[in-house]
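Peer 1: Submitted below is the structure of interest, expressed as structure tokens.
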Amino acid sequence: MTRVLLTGFEPFDGESTNPSWQAVRAAAAEPPPGLEVFTAELPCVYGASRTALRSAIEETRPEIVVCVGQAGGRPDITVERVAVNVDDARIPDGAGAEPIDEEIVPGGPAGYFSTLPVKACVAAVRAAGLPASVSNTAGTFVCNHVFYALAHLIATEMPEMRGGFVHVPYAPEQVVDRAQPSLPVASVAQALREIAATAAVTRTDLRAAGGATH
Ligand code: PCA
């Protein structure tokens, strides 16, 4: 059995739900064959999110970590390629903090690449009939913060672990009164199962185009 930790976030920005945590729970309730899936809900707070992630990793000792967050406005499941060493908040976090251009790890590398096979994960979600693409930015809010902290942990302390970040669209109930894209939580959960199962068996990523011109 491959040990997998899936994390989601608490609601933020005035929302009453966060589809990342809903989908993580649904995915873990019916884990793919061969995977033992653990879950943790992270606060949408700079610093505290990272501490909670570390505690969950120490408790569950996963081989693979997939952190998941809501990216309202994106139409598809996006597998993040890169985390950057900066906190630059457009909105306050759950504790009211609004850091501007602060390093997440002082003196750390400018960026880290995901250690998940991002192209293979995108291909697996598409093969399951769901929309997915590679994303080249996880933003500079709490999701990027957690992704960078995870990648730094892997690079400096836990080299045998692999991990990355996946952003998911709004759930339909969040957008009933706005013209915004959404995906049912059950579909997002299926996509997370595909990603976890693919990461567990794929060491060398697919060589497939997944870039963007802008
Ligand atoms: N999305 C936010 C933080 C929490 C979440 O679910 C982000 O993309 O940074």
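Chain labels run A, B, ... following the order of the structure tokens; each chain numbers its residues from 1, and ligands are numbered from 1 in the order shown.
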Counting only C-alpha atoms and all ligand atoms, what are the residues, protein, DNA or RNA alike, that approach ligand 1 to within 6 Å? I want them as a list in words.

Peer 2: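 Residues satisfying the distance criterion: Phe9, Cys44, Gly69, Gln70, Ala71, Phe141, Val142, Cys143 and Asn144 of chain A.
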
Peer 1: Could you save those same residues with all heavy atoms as a tab-separated table (two decimals), in the first residue's frame?

Peer 2:
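Okay, this is what ended up in out31.tsv:
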```
chain	number	residue	atom	x	y	z
A	9	PHE	N	-8.46	22.88	2.12
A	9	PHE	CA	-8.46	24.10	2.92
A	9	PHE	C	-9.84	24.38	3.50
A	9	PHE	O	-10.86	23.99	2.92
A	9	PHE	CB	-8.05	25.30	2.08
A	9	PHE	CG	-6.56	25.46	1.94
A	9	PHE	CD1	-5.91	25.03	0.80
A	9	PHE	CD2	-5.82	26.06	2.95
A	9	PHE	CE1	-4.54	25.18	0.67
A	9	PHE	CE2	-4.45	26.22	2.83
A	9	PHE	CZ	-3.81	25.78	1.68
A	44	CYS	N	-6.72	28.58	6.27
A	44	CYS	CA	-6.30	29.47	5.18
A	44	CYS	C	-5.53	30.66	5.78
A	44	CYS	O	-5.97	31.81	5.69
A	44	CYS	CB	-7.51	29.93	4.38
A	44	CYS	SG	-7.02	30.89	2.95
A	69	GLY	N	-6.37	23.07	-3.28
A	69	GLY	CA	-6.99	24.34	-2.91
A	69	GLY	C	-7.97	24.80	-3.96
A	69	GLY	O	-7.96	24.32	-5.11
A	70	GLN	N	-8.84	25.71	-3.56
A	70	GLN	CA	-9.84	26.29	-4.49
A	70	GLN	C	-9.19	27.39	-5.32
A	70	GLN	O	-8.51	28.27	-4.77
A	70	GLN	CB	-10.98	26.87	-3.67
A	70	GLN	CG	-11.91	27.79	-4.45
A	70	GLN	CD	-12.85	28.54	-3.52
A	70	GLN	OE1	-13.56	27.95	-2.72
A	70	GLN	NE2	-12.86	29.86	-3.62
A	71	ALA	N	-9.40	27.34	-6.62
A	71	ALA	CA	-8.99	28.44	-7.50
A	71	ALA	C	-10.26	28.91	-8.21
A	71	ALA	O	-10.57	28.46	-9.32
A	71	ALA	CB	-7.94	27.98	-8.49
A	141	PHE	N	-0.77	33.49	-2.74
A	141	PHE	CA	-1.57	33.49	-1.51
A	141	PHE	C	-1.23	32.22	-0.71
A	141	PHE	O	-0.14	31.67	-0.84
A	141	PHE	CB	-3.06	33.61	-1.91
A	141	PHE	CG	-3.99	33.94	-0.78
A	141	PHE	CD1	-3.71	34.96	0.13
A	141	PHE	CD2	-5.18	33.22	-0.61
A	141	PHE	CE1	-4.60	35.26	1.17
A	141	PHE	CE2	-6.07	33.52	0.42
A	141	PHE	CZ	-5.77	34.53	1.31
A	142	VAL	N	-2.17	31.73	0.09
A	142	VAL	CA	-1.85	30.65	1.03
A	142	VAL	C	-1.57	29.32	0.31
A	142	VAL	O	-0.79	28.50	0.80
A	142	VAL	CB	-2.96	30.51	2.09
A	142	VAL	CG1	-2.63	29.41	3.08
A	142	VAL	CG2	-3.16	31.83	2.84
A	143	CYS	N	-2.18	29.10	-0.84
A	143	CYS	CA	-1.94	27.83	-1.55
A	143	CYS	C	-0.48	27.74	-2.00
A	143	CYS	O	0.18	26.70	-1.79
A	143	CYS	CB	-2.88	27.70	-2.74
A	143	CYS	SG	-4.57	27.35	-2.23
A	144	ASN	N	0.03	28.80	-2.60
A	144	ASN	CA	1.44	28.78	-3.00
A	144	ASN	C	2.35	28.65	-1.78
A	144	ASN	O	3.38	27.96	-1.82
A	144	ASN	CB	1.78	30.06	-3.78
A	144	ASN	CG	3.26	30.17	-4.06
A	144	ASN	OD1	3.80	29.48	-4.92
A	144	ASN	ND2	3.95	31.03	-3.31
```

Peer 1: What's the 12 Å shell around Leu42 of chain A, counting only C-alpha atoms, without same-chain residues fewer than 2 positions away, as a VMD selection string?

Peer 2: chain A and resid 6 to 12 18 20 to 21 24 39 to 40 44 to 56 67 to 69 94 142 to 143 145 to 146

Peer 1: Keeping N, CA, C and O atoms for every residue in the selection just given, could you write it to a file as a tab-separated table (two decimals), in the first residue's frame?

Peer 2:
```tsv
chain	number	residue	atom	x	y	z
A	6	LEU	N	-3.74	13.61	1.52
A	6	LEU	CA	-4.45	14.64	0.75
A	6	LEU	C	-4.84	15.75	1.72
A	6	LEU	O	-5.41	15.47	2.78
A	7	THR	N	-4.54	16.99	1.37
A	7	THR	CA	-5.01	18.09	2.21
A	7	THR	C	-5.93	19.01	1.42
A	7	THR	O	-5.76	19.19	0.22
A	8	GLY	N	-6.92	19.59	2.14
A	8	GLY	CA	-7.79	20.62	1.59
A	8	GLY	C	-7.75	21.82	2.51
A	8	GLY	O	-7.10	21.79	3.57
A	9	PHE	N	-8.46	22.88	2.12
A	9	PHE	CA	-8.46	24.10	2.92
A	9	PHE	C	-9.84	24.38	3.50
A	9	PHE	O	-10.86	23.99	2.92
A	10	GLU	N	-9.83	25.15	4.59
A	10	GLU	CA	-11.08	25.69	5.13
A	10	GLU	C	-11.59	26.77	4.17
A	10	GLU	O	-10.83	27.27	3.33
A	11	PRO	N	-12.88	27.14	4.28
A	11	PRO	CA	-13.41	28.21	3.42
A	11	PRO	C	-12.68	29.53	3.66
A	11	PRO	O	-12.17	29.77	4.76
A	12	PHE	N	-12.61	30.36	2.63
A	12	PHE	CA	-11.96	31.68	2.76
A	12	PHE	C	-12.68	32.67	1.85
A	12	PHE	O	-13.55	32.27	1.05
A	18	ASN	N	-15.42	25.12	1.01
A	18	ASN	CA	-14.24	25.08	0.15
A	18	ASN	C	-14.25	23.72	-0.55
A	18	ASN	O	-14.13	22.68	0.11
A	20	SER	N	-12.15	22.17	-2.14
A	20	SER	CA	-10.92	21.36	-2.00
A	20	SER	C	-11.08	20.37	-0.85
A	20	SER	O	-10.76	19.18	-0.99
A	21	TRP	N	-11.59	20.83	0.28
A	21	TRP	CA	-11.75	19.94	1.45
A	21	TRP	C	-12.89	18.95	1.22
A	21	TRP	O	-12.78	17.77	1.54
A	24	VAL	N	-11.47	16.31	-1.14
A	24	VAL	CA	-10.46	15.47	-0.47
A	24	VAL	C	-11.15	14.42	0.40
A	24	VAL	O	-10.80	13.23	0.39
A	39	THR	N	-6.11	12.29	5.38
A	39	THR	CA	-6.54	13.65	5.02
A	39	THR	C	-6.25	14.64	6.14
A	39	THR	O	-6.16	14.26	7.32
A	40	ALA	N	-6.12	15.90	5.78
A	40	ALA	CA	-6.02	16.98	6.76
A	40	ALA	C	-6.63	18.23	6.16
A	40	ALA	O	-6.46	18.50	4.97
A	44	CYS	N	-6.72	28.58	6.27
A	44	CYS	CA	-6.30	29.47	5.18
A	44	CYS	C	-5.53	30.66	5.78
A	44	CYS	O	-5.97	31.81	5.69
A	45	VAL	N	-4.43	30.33	6.42
A	45	VAL	CA	-3.65	31.31	7.18
A	45	VAL	C	-2.17	31.08	6.88
A	45	VAL	O	-1.68	29.94	6.98
A	46	TYR	N	-1.48	32.15	6.48
A	46	TYR	CA	-0.03	32.06	6.29
A	46	TYR	C	0.60	31.56	7.60
A	46	TYR	O	0.19	31.95	8.69
A	47	GLY	N	1.59	30.75	7.52
A	47	GLY	CA	2.28	30.26	8.72
A	47	GLY	C	1.54	29.08	9.33
A	47	GLY	O	2.05	27.95	9.33
A	48	ALA	N	0.33	29.29	9.86
A	48	ALA	CA	-0.41	28.21	10.52
A	48	ALA	C	-0.71	27.05	9.56
A	48	ALA	O	-0.72	25.88	9.97
A	49	SER	N	-0.94	27.37	8.30
A	49	SER	CA	-1.22	26.31	7.30
A	49	SER	C	-0.01	25.40	7.16
A	49	SER	O	-0.12	24.18	7.06
A	50	ARG	N	1.13	26.03	7.17
A	50	ARG	CA	2.38	25.29	6.99
A	50	ARG	C	2.68	24.41	8.20
A	50	ARG	O	3.12	23.28	8.08
A	51	THR	N	2.39	24.95	9.39
A	51	THR	CA	2.58	24.18	10.63
A	51	THR	C	1.63	22.98	10.64
A	51	THR	O	2.02	21.87	11.00
A	52	ALA	N	0.38	23.21	10.23
A	52	ALA	CA	-0.61	22.13	10.21
A	52	ALA	C	-0.22	21.05	9.19
A	52	ALA	O	-0.38	19.86	9.44
A	53	LEU	N	0.33	21.47	8.06
A	53	LEU	CA	0.78	20.50	7.05
A	53	LEU	C	1.90	19.64	7.62
A	53	LEU	O	1.89	18.42	7.49
A	54	ARG	N	2.85	20.28	8.27
A	54	ARG	CA	3.98	19.54	8.83
A	54	ARG	C	3.51	18.53	9.88
A	54	ARG	O	3.97	17.39	9.90
A	55	SER	N	2.58	18.95	10.74
A	55	SER	CA	2.05	18.02	11.75
A	55	SER	C	1.36	16.84	11.09
A	55	SER	O	1.54	15.69	11.51
A	56	ALA	N	0.57	17.10	10.05
A	56	ALA	CA	-0.14	16.01	9.37
A	56	ALA	C	0.87	15.05	8.74
A	56	ALA	O	0.67	13.82	8.77
A	67	CYS	N	-1.52	18.44	-1.97
A	67	CYS	CA	-2.27	19.53	-1.34
A	67	CYS	C	-3.23	20.10	-2.39
A	67	CYS	O	-2.86	20.23	-3.56
A	68	VAL	N	-4.44	20.43	-1.94
A	68	VAL	CA	-5.49	20.86	-2.86
A	68	VAL	C	-6.09	22.16	-2.35
A	68	VAL	O	-6.28	22.34	-1.14
A	69	GLY	N	-6.37	23.07	-3.28
A	69	GLY	CA	-6.99	24.34	-2.91
A	69	GLY	C	-7.97	24.80	-3.96
A	69	GLY	O	-7.96	24.32	-5.11
A	94	GLY	N	-7.06	34.14	6.67
A	94	GLY	CA	-8.08	33.88	7.68
A	94	GLY	C	-7.79	34.51	9.03
A	94	GLY	O	-8.67	34.59	9.89
A	142	VAL	N	-2.17	31.73	0.09
A	142	VAL	CA	-1.85	30.65	1.03
A	142	VAL	C	-1.57	29.32	0.31
A	142	VAL	O	-0.79	28.50	0.80
A	143	CYS	N	-2.18	29.10	-0.84
A	143	CYS	CA	-1.94	27.83	-1.55
A	143	CYS	C	-0.48	27.74	-2.00
A	143	CYS	O	0.18	26.70	-1.79
A	145	HIS	N	1.96	29.29	-0.69
A	145	HIS	CA	2.72	29.23	0.57
A	145	HIS	C	2.87	27.77	1.05
A	145	HIS	O	3.97	27.32	1.38
A	146	VAL	N	1.74	27.06	1.05
A	146	VAL	CA	1.75	25.66	1.48
A	146	VAL	C	2.54	24.79	0.50
A	146	VAL	O	3.31	23.91	0.89
```

Peer 1: Using only C-alpha atoms, which residues sit within 9 Å of Pro169 of chain A once same-chain residues fewer than 5 positions away are excluded, as a list of chain:residue names?

Peer 2: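 Counting only the stated atoms, we get A:Pro19, A:Ser20, A:Gly69, A:Gln70, A:Ala71, A:Gly72, A:Gly73, A:Arg74, A:Pro75, A:Asp76, A:Ile77, A:Thr78, A:Pro181, A:Ser182, A:Leu183, A:Pro184, A:Val188.
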
Peer 1: Save the residues we just selected, C-alpha atoms, as an mmCIF file, in the first residue's frame?

Peer 2:
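Ended up saving to part_10.cif:
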```cif
data_model
loop_
_atom_site.group_PDB
_atom_site.id
_atom_site.type_symbol
_atom_site.label_atom_id
_atom_site.label_comp_id
_atom_site.auth_asym_id
_atom_site.auth_seq_id
_atom_site.Cartn_x
_atom_site.Cartn_y
_atom_site.Cartn_z
ATOM 1 C CA PRO A 19 -14.529 22.414 -2.588
ATOM 2 C CA SER A 20 -10.925 21.363 -1.996
ATOM 3 C CA GLY A 69 -6.991 24.345 -2.912
ATOM 4 C CA GLN A 70 -9.835 26.292 -4.489
ATOM 5 C CA ALA A 71 -8.995 28.439 -7.501
ATOM 6 C CA GLY A 72 -12.273 30.270 -8.083
ATOM 7 C CA GLY A 73 -12.676 31.209 -11.757
ATOM 8 C CA ARG A 74 -10.536 28.414 -13.176
ATOM 9 C CA PRO A 75 -12.631 26.106 -15.353
ATOM 10 C CA ASP A 76 -10.631 22.903 -14.897
ATOM 11 C CA ILE A 77 -8.507 20.850 -12.511
ATOM 12 C CA THR A 78 -5.053 22.410 -12.590
ATOM 13 C CA PRO A 181 -17.180 28.014 -14.065
ATOM 14 C CA SER A 182 -17.672 25.134 -11.635
ATOM 15 C CA LEU A 183 -17.222 21.376 -11.312
ATOM 16 C CA PRO A 184 -19.240 18.968 -9.145
ATOM 17 C CA VAL A 188 -13.151 16.734 -8.444
#
```

Peer 1: Give me, as a PyMOL selection string, all polymer residues having an atom no more than 8 Å from segment 193-204 of chain A, counting only C-alpha atoms and skipping those fewer than 5 positions away in the same chain.

Peer 2: chain A and resi 2+4+27+31-32+35+64+66+116-117+120-122+124-125+128

Peer 1: Could those residues be written to a file, using N, CA and C atoms, as a CSV table (one decimal), in the first residue's frame?

Peer 2:
```csv
chain,number,residue,atom,x,y,z
A,2,THR,N,0.5,2.2,-0.9
A,2,THR,CA,1.2,3.5,-0.9
A,2,THR,C,0.5,4.4,0.0
A,4,VAL,N,-0.7,7.9,1.1
A,4,VAL,CA,-0.9,9.2,0.5
A,4,VAL,C,-1.6,10.2,1.5
A,27,ALA,N,-12.8,11.8,-1.8
A,27,ALA,CA,-11.8,10.9,-2.4
A,27,ALA,C,-11.3,9.9,-1.4
A,31,PRO,N,-11.0,5.2,-1.5
A,31,PRO,CA,-9.6,5.3,-2.0
A,31,PRO,C,-9.4,4.4,-3.2
A,32,PRO,N,-8.5,4.8,-4.1
A,32,PRO,CA,-8.2,3.9,-5.2
A,32,PRO,C,-7.4,2.7,-4.7
A,35,LEU,N,-3.9,2.2,-2.4
A,35,LEU,CA,-3.5,3.4,-1.7
A,35,LEU,C,-4.2,3.5,-0.4
A,64,ILE,N,3.5,10.1,-0.5
A,64,ILE,CA,3.0,11.1,-1.5
A,64,ILE,C,2.1,12.1,-0.8
A,66,VAL,N,-0.5,15.3,-1.7
A,66,VAL,CA,-1.2,16.2,-2.7
A,66,VAL,C,-2.0,17.2,-1.9
A,116,LEU,N,5.6,15.8,-8.2
A,116,LEU,CA,4.6,14.9,-8.8
A,116,LEU,C,4.8,14.9,-10.3
A,117,PRO,N,4.4,13.8,-11.0
A,117,PRO,CA,4.5,13.8,-12.4
A,117,PRO,C,3.3,14.6,-13.0
A,120,ALA,N,1.7,13.5,-16.4
A,120,ALA,CA,1.0,12.2,-16.3
A,120,ALA,C,-0.3,12.3,-15.5
A,121,CYS,N,-0.3,13.2,-14.5
A,121,CYS,CA,-1.5,13.4,-13.7
A,121,CYS,C,-2.6,14.1,-14.5
A,122,VAL,N,-2.2,15.1,-15.3
A,122,VAL,CA,-3.1,15.8,-16.2
A,122,VAL,C,-3.7,14.7,-17.2
A,124,ALA,N,-4.1,11.6,-16.8
A,124,ALA,CA,-4.9,10.6,-16.2
A,124,ALA,C,-6.3,11.2,-15.9
A,125,VAL,N,-6.3,12.5,-15.5
A,125,VAL,CA,-7.6,13.1,-15.3
A,125,VAL,C,-8.4,13.2,-16.6
A,128,ALA,N,-10.0,10.1,-17.6
A,128,ALA,CA,-11.2,9.8,-16.9
A,128,ALA,C,-12.4,10.6,-17.3
```

Peer 1: Which is closest to Ser135 of chain A among A:Arg207, A:Arg162, A:His214, A:His152, if we use only C-alpha atoms?

Peer 2: A:His214

Peer 1: In Å, with one decimal, what is the gap from atom CA of Asp205 of chain A to atom CA of Val79 of chain A?

Peer 2: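 Going from atom CA of Asp205 of chain A over to atom CA of Val79 of chain A, I get 13.0 Å.
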
Peer 1: Hey, which of A:Thr115, A:Asn136, A:Gln180, A:Thr60 ends up closest to Val82 of chain A? Count only C-alpha atoms.

Peer 2: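 Ranking A:Thr115, A:Asn136, A:Gln180, A:Thr60 by distance to Val82 of chain A, first place goes to A:Asn136.
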
Peer 1: Mind the document's chain letters and residue numbers, and return as number ranges by chain the residues of segment 14-146 of chain A that DSSP labels strand (DSSP E).

Peer 2: A: 35-42, 64-70, 77-80, 82-84, 111-113, 132-135

Peer 1: I'd like to know which of A:Ala83, A:Met1, A:Met158, A:Leu130 is closest to Ala186 of chain A, using only C-alpha atoms.

Peer 2: A:Leu130
